[in-house]
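Structure first, commentary second.
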Amino acid sequence: MEEELRAIARMLEELTDRRRRLKNAFLSGVLRGVGAMIGFAVIGTALIGLLTPVARANLPVISDFLAQVVTMVQLRIQ
């Protein structure tokens with residue numbers, strides 16, 4: 001019973017502490033942004049890795065478009 005009361009008291013303390021809530025919200029937003037950035041980098045790298053062989057296969061319309069996209073991305077990376 002005492003443990004439950006302590007847990008409730010801690011929860012109320014956390015809910016009423018404005019500084020702690022702002023810090024947690026800020027850190028949560030930063031971590032979400034970093035996660036999105038890493039996820040986009042991984043997916044973008046995978047797409048380029050998959051599209052490069054298609055561009056080299058010399059398919060008439062698709063290869064020209066993909067070659068331009070891959071070239072632009074590679075220039076942007078450097």
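Please note that chains go A, B, ... in the order of the structure tokens, that every chain numbers its residues from 1, and that ligands are numbered from 1 in the order shown.
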Inset, instruction - Give me the residues within 6 Å of segment 48-57 of chain A as a VMD selection string, counting only C-alpha atoms and dropping any in the same chain fewer than 3 places off. - result: chain A and resid 45 63 66 to 67
Inset, instruction - Go through A:Asp17, A:Val70, A:Val34, A:Ala9 one by one, measure the shortest atom-to-atom distance of each to Leu47 of chain A using only C-alpha atoms, and give the residue with the smallest value. - result: A:Val70
Inset, instruction - Record the distance separating atom CA of Val61 of chain A and atom CA of Arg76 of chain A, expressed in Å with one decimal. - result: 23.2 Å
Legend entry - Atom-to-atom span, atom CA of Met11 of chain A and atom CA of Asn24 of chain A, Å: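 So the two atoms, atom CA of Met11 of chain A and atom CA of Asn24 of chain A, lie 14.2 Å apart.
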